[in-house]
Amino acid sequence: MLDFELLRGYTRKGGTPRCMLQLDLQKAYAMVDWYALEHVMQEIGKERLKAGDLISPLLFALMMEYLNRLLVKMHSHAKCEKAGITNLTFADDILMFCKGDITSVQMLIKTVQDFFDSIGLVINPRKCKVFYGGTDRDTKEQLIRSTSFEEGILPMKYLGVPITRKRLNIHHYMPLIEKIMKRMKHWTSKLLSYSGRILLVKSVILAITQYWMQCVPIPQFAGSMDNSRKSPVAWQTMCSPKNQGGQGIINLTI
């Protein structure tokens with residue numbers, strides 16, 4: 001949701017120059033330097049880990065917190081200056097924001113590269129993208145040469161959800177529809193009972209859909225689906241409570 005707000009105004013002519021970089025790391029979890037990790041853990045007062053320790057999955061996030069502290073000192077993005085936002089990071093999915101000039105971007109890249117060199121991580125330039133807002137063509141060309149990153153095109157995907165500055169078209173939702181249909185066809189082939197299928201709809205399908213709905217509104221009409229027969233029970237009835245003859249499935253429209 002925060003990324004949605006920050007991307008407002010991108011691709012629009014005029015306005016304060018701004019820039020967003022999307023980084024891709026090569027085998028991020030496997031390449032953190034143990035010597036660097038040891039020093040970080042000593043700094044926070046944790047010197048030993050037992051086999052299977054629950055903190056193990058958080059070690060990578062711990063290292064990335066040091067990157068965040070370095071980036072706080074950088075020049076802020078035009079829409080992030082008051083809030084002091086320099087990056088959005090979830091594990092190894094990284095978005096970085098800065099002013100849309102060559103000096104700011106070069107300083108940002110150098111800071112990130114020095115940090116990654118010190119802990120053993122490697123950026124994959126071929127999969128990295130840079131997005132521009134209010135930036136002239138000459139500046140764009142300089143930034144592309146300086147970073148070797150391709151220019152990103154909106155909508156982009158971040159954490160599995162399409163992110164854009166305007167309303168999404170129906171075809172942007174097709175990956176979600178295809179993902180749901182693939183799951184449902186697989187369940188049908190397993191000869192599950194109706195009760196079993198309803199349980200999977202409640203626990204899996206609704207979770208997938210609601211994850212998207214945290215960020216983007218989903219239109220009620222999503223294209224025609226080929227049905228071999230008419231549904232024997234109305235969807236409104238399926239969404240009714242069990243004591244009213246329904247199955248208690250959440251009505252996403254409401």
# chains A, B, ... in the order shown; residues from 1 in each chain; ligands from 1

$ select_by_dssp --residues "segment 75-151 of chain A" --states "strand (DSSP E or B)" --output "VMD selection string"
chain A and resid 87 to 90 93 to 99 123 129 to 133 150 to 151

$ select_by_dssp --residues "segment 46-175 of chain A" --states "helix (DSSP H, G or I)" --output "number ranges by chain"
A: 56-71, 102-119, 125-127, 137-147, 170-175

$ closest_residue --among "A:Lys99, A:Arg197, A:Lys242, A:His186" --to "Tyr132 of chain A" --atoms "only C-alpha atoms"
A:Lys99

$ closest_residue --among "A:Leu199, A:Ile109, A:Gly246, A:Ile205" --to "Phe97 of chain A" --atoms "only C-alpha atoms"
A:Ile109

$ residues_around --residues "Met238 of chain A" --least-positions-apart "5" --cutoff "9 Å" --atoms "only C-alpha atoms" --output "list in words"
Val233, Gly245, Gly246, Gln247, Gly248, Ile249 and Ile250 of chain A

$ write_last_selection --atoms "all heavy atoms" --output "tab-separated table (two decimals), in the first residue's frame"
chain	number	residue	atom	x	y	z
A	233	VAL	N	-26.17	-24.66	-6.65
A	233	VAL	CA	-26.50	-23.81	-5.50
A	233	VAL	C	-26.03	-22.38	-5.80
A	233	VAL	O	-24.92	-22.18	-6.28
A	233	VAL	CB	-25.83	-24.32	-4.21
A	233	VAL	CG1	-26.22	-23.45	-3.02
A	233	VAL	CG2	-26.20	-25.77	-3.95
A	245	GLY	N	-28.68	-22.51	6.19
A	245	GLY	CA	-28.60	-23.39	5.03
A	245	GLY	C	-27.41	-23.16	4.13
A	245	GLY	O	-27.29	-23.81	3.09
A	246	GLY	N	-26.49	-22.26	4.49
A	246	GLY	CA	-25.32	-21.97	3.68
A	246	GLY	C	-24.08	-22.69	4.20
A	246	GLY	O	-24.17	-23.59	5.04
A	247	GLN	N	-22.91	-22.25	3.69
A	247	GLN	CA	-21.64	-22.87	4.10
A	247	GLN	C	-20.72	-21.89	4.81
A	247	GLN	O	-19.59	-22.21	5.13
A	247	GLN	CB	-20.93	-23.44	2.86
A	247	GLN	CG	-21.65	-24.62	2.24
A	247	GLN	CD	-21.72	-25.82	3.17
A	247	GLN	OE1	-20.83	-26.03	3.99
A	247	GLN	NE2	-22.79	-26.60	3.05
A	248	GLY	N	-21.18	-20.66	5.01
A	248	GLY	CA	-20.39	-19.68	5.76
A	248	GLY	C	-19.16	-19.18	5.05
A	248	GLY	O	-18.20	-18.72	5.69
A	249	ILE	N	-19.14	-19.23	3.70
A	249	ILE	CA	-18.01	-18.69	2.95
A	249	ILE	C	-18.08	-17.16	2.96
A	249	ILE	O	-19.16	-16.58	2.80
A	249	ILE	CB	-18.02	-19.22	1.49
A	249	ILE	CG1	-17.84	-20.74	1.49
A	249	ILE	CG2	-16.94	-18.55	0.64
A	249	ILE	CD1	-17.92	-21.37	0.12
A	250	ILE	N	-16.95	-16.51	3.13
A	250	ILE	CA	-16.92	-15.05	3.22
A	250	ILE	C	-17.33	-14.44	1.88
A	250	ILE	O	-16.82	-14.83	0.82
A	250	ILE	CB	-15.52	-14.56	3.61
A	250	ILE	CG1	-15.16	-15.04	5.01
A	250	ILE	CG2	-15.44	-13.04	3.55
A	250	ILE	CD1	-13.75	-14.70	5.42

$ atom_distance --atom1 "atom CA of Glu65 of chain A" --atom2 "atom CA of Met156 of chain A"
24.5 Å

$ residues_around --residues "Gly14 of chain A" --least-positions-apart "5" --cutoff "12 Å" --atoms "only C-alpha atoms" --output "MDAnalysis selection string"
chainID A and resid 9 132:136

$ atom_distance --atom1 "atom CA of Val130 of chain A" --atom2 "atom CA of Gly152 of chain A"
5.3 Å

$ closest_residue --among "A:Gln42, A:Thr111, A:Thr253, A:Ser203" --to "Val72 of chain A" --atoms "only C-alpha atoms"
A:Thr111

$ atom_distance --atom1 "atom CA of Met107 of chain A" --atom2 "atom CA of Tyr35 of chain A"
26.1 Å

$ residues_around --residues "Arg165 of chain A" --least-positions-apart "4" --cutoff "7 Å" --atoms "only C-alpha atoms" --output "MDAnalysis selection string"
chainID A and resid 4 7:10

$ write_last_selection --atoms "N, CA, C and O atoms" --output "JSON list (two decimals), in the first residue's frame"
[["chain", "number", "residue", "atom", "x", "y", "z"],
["A", 4, "PHE", "N", 2.20, 1.87, -3.44],
["A", 4, "PHE", "CA", 1.18, 2.48, -4.28],
["A", 4, "PHE", "C", 1.21, 4.00, -4.14],
["A", 4, "PHE", "O", 1.17, 4.74, -5.12],
["A", 7, "LEU", "N", 4.30, 5.69, -5.70],
["A", 7, "LEU", "CA", 4.38, 5.68, -7.17],
["A", 7, "LEU", "C", 3.40, 6.64, -7.82],
["A", 7, "LEU", "O", 3.40, 6.76, -9.04],
["A", 8, "ARG", "N", 2.56, 7.29, -7.05],
["A", 8, "ARG", "CA", 1.65, 8.27, -7.64],
["A", 8, "ARG", "C", 2.46, 9.40, -8.28],
["A", 8, "ARG", "O", 3.34, 9.98, -7.67],
["A", 9, "GLY", "N", 2.18, 9.70, -9.51],
["A", 9, "GLY", "CA", 2.91, 10.76, -10.20],
["A", 9, "GLY", "C", 4.00, 10.26, -11.11],
["A", 9, "GLY", "O", 4.51, 11.01, -11.94],
["A", 10, "TYR", "N", 4.39, 8.99, -10.99],
["A", 10, "TYR", "CA", 5.38, 8.43, -11.90],
["A", 10, "TYR", "C", 4.76, 8.34, -13.30],
["A", 10, "TYR", "O", 3.57, 8.10, -13.45]]

$ residues_around --residues "Gly100 of chain A" --least-positions-apart "5" --cutoff "7 Å" --atoms "only C-alpha atoms" --output "ChimeraX atom specification"
/A:17-19,135

$ write_last_selection --atoms "C-alpha atoms" --output "PDB file, in the first residue's frame"
ATOM      1  CA  PRO A  17      12.453  14.458 -10.379  1.00  0.00           C
ATOM      2  CA  ARG A  18      12.396  11.185  -8.456  1.00  0.00           C
ATOM      3  CA  CYS A  19      13.624   7.656  -8.892  1.00  0.00           C
ATOM      4  CA  THR A 135      12.918  12.991 -15.127  1.00  0.00           C
TER       5      THR A 135
END

$ closest_residue --among "A:Arg167, A:Leu21, A:Trp34, A:Leu191" --to "Leu143 of chain A" --atoms "only C-alpha atoms"
A:Leu21

$ closest_residue --among "A:Met41, A:Leu2, A:Gly120, A:Val32" --to "Asn87 of chain A" --atoms "only C-alpha atoms"
A:Leu2

$ closest_residue --among "A:Ala83, A:Ile123, A:Leu62, A:Ile94" --to "Tyr158 of chain A" --atoms "only C-alpha atoms"
A:Ile94

$ residues_around --residues "Gly160 of chain A" --least-positions-apart "6" --cutoff "10 Å" --atoms "only C-alpha atoms" --output "number ranges by chain"
A: 175-176, 211-212
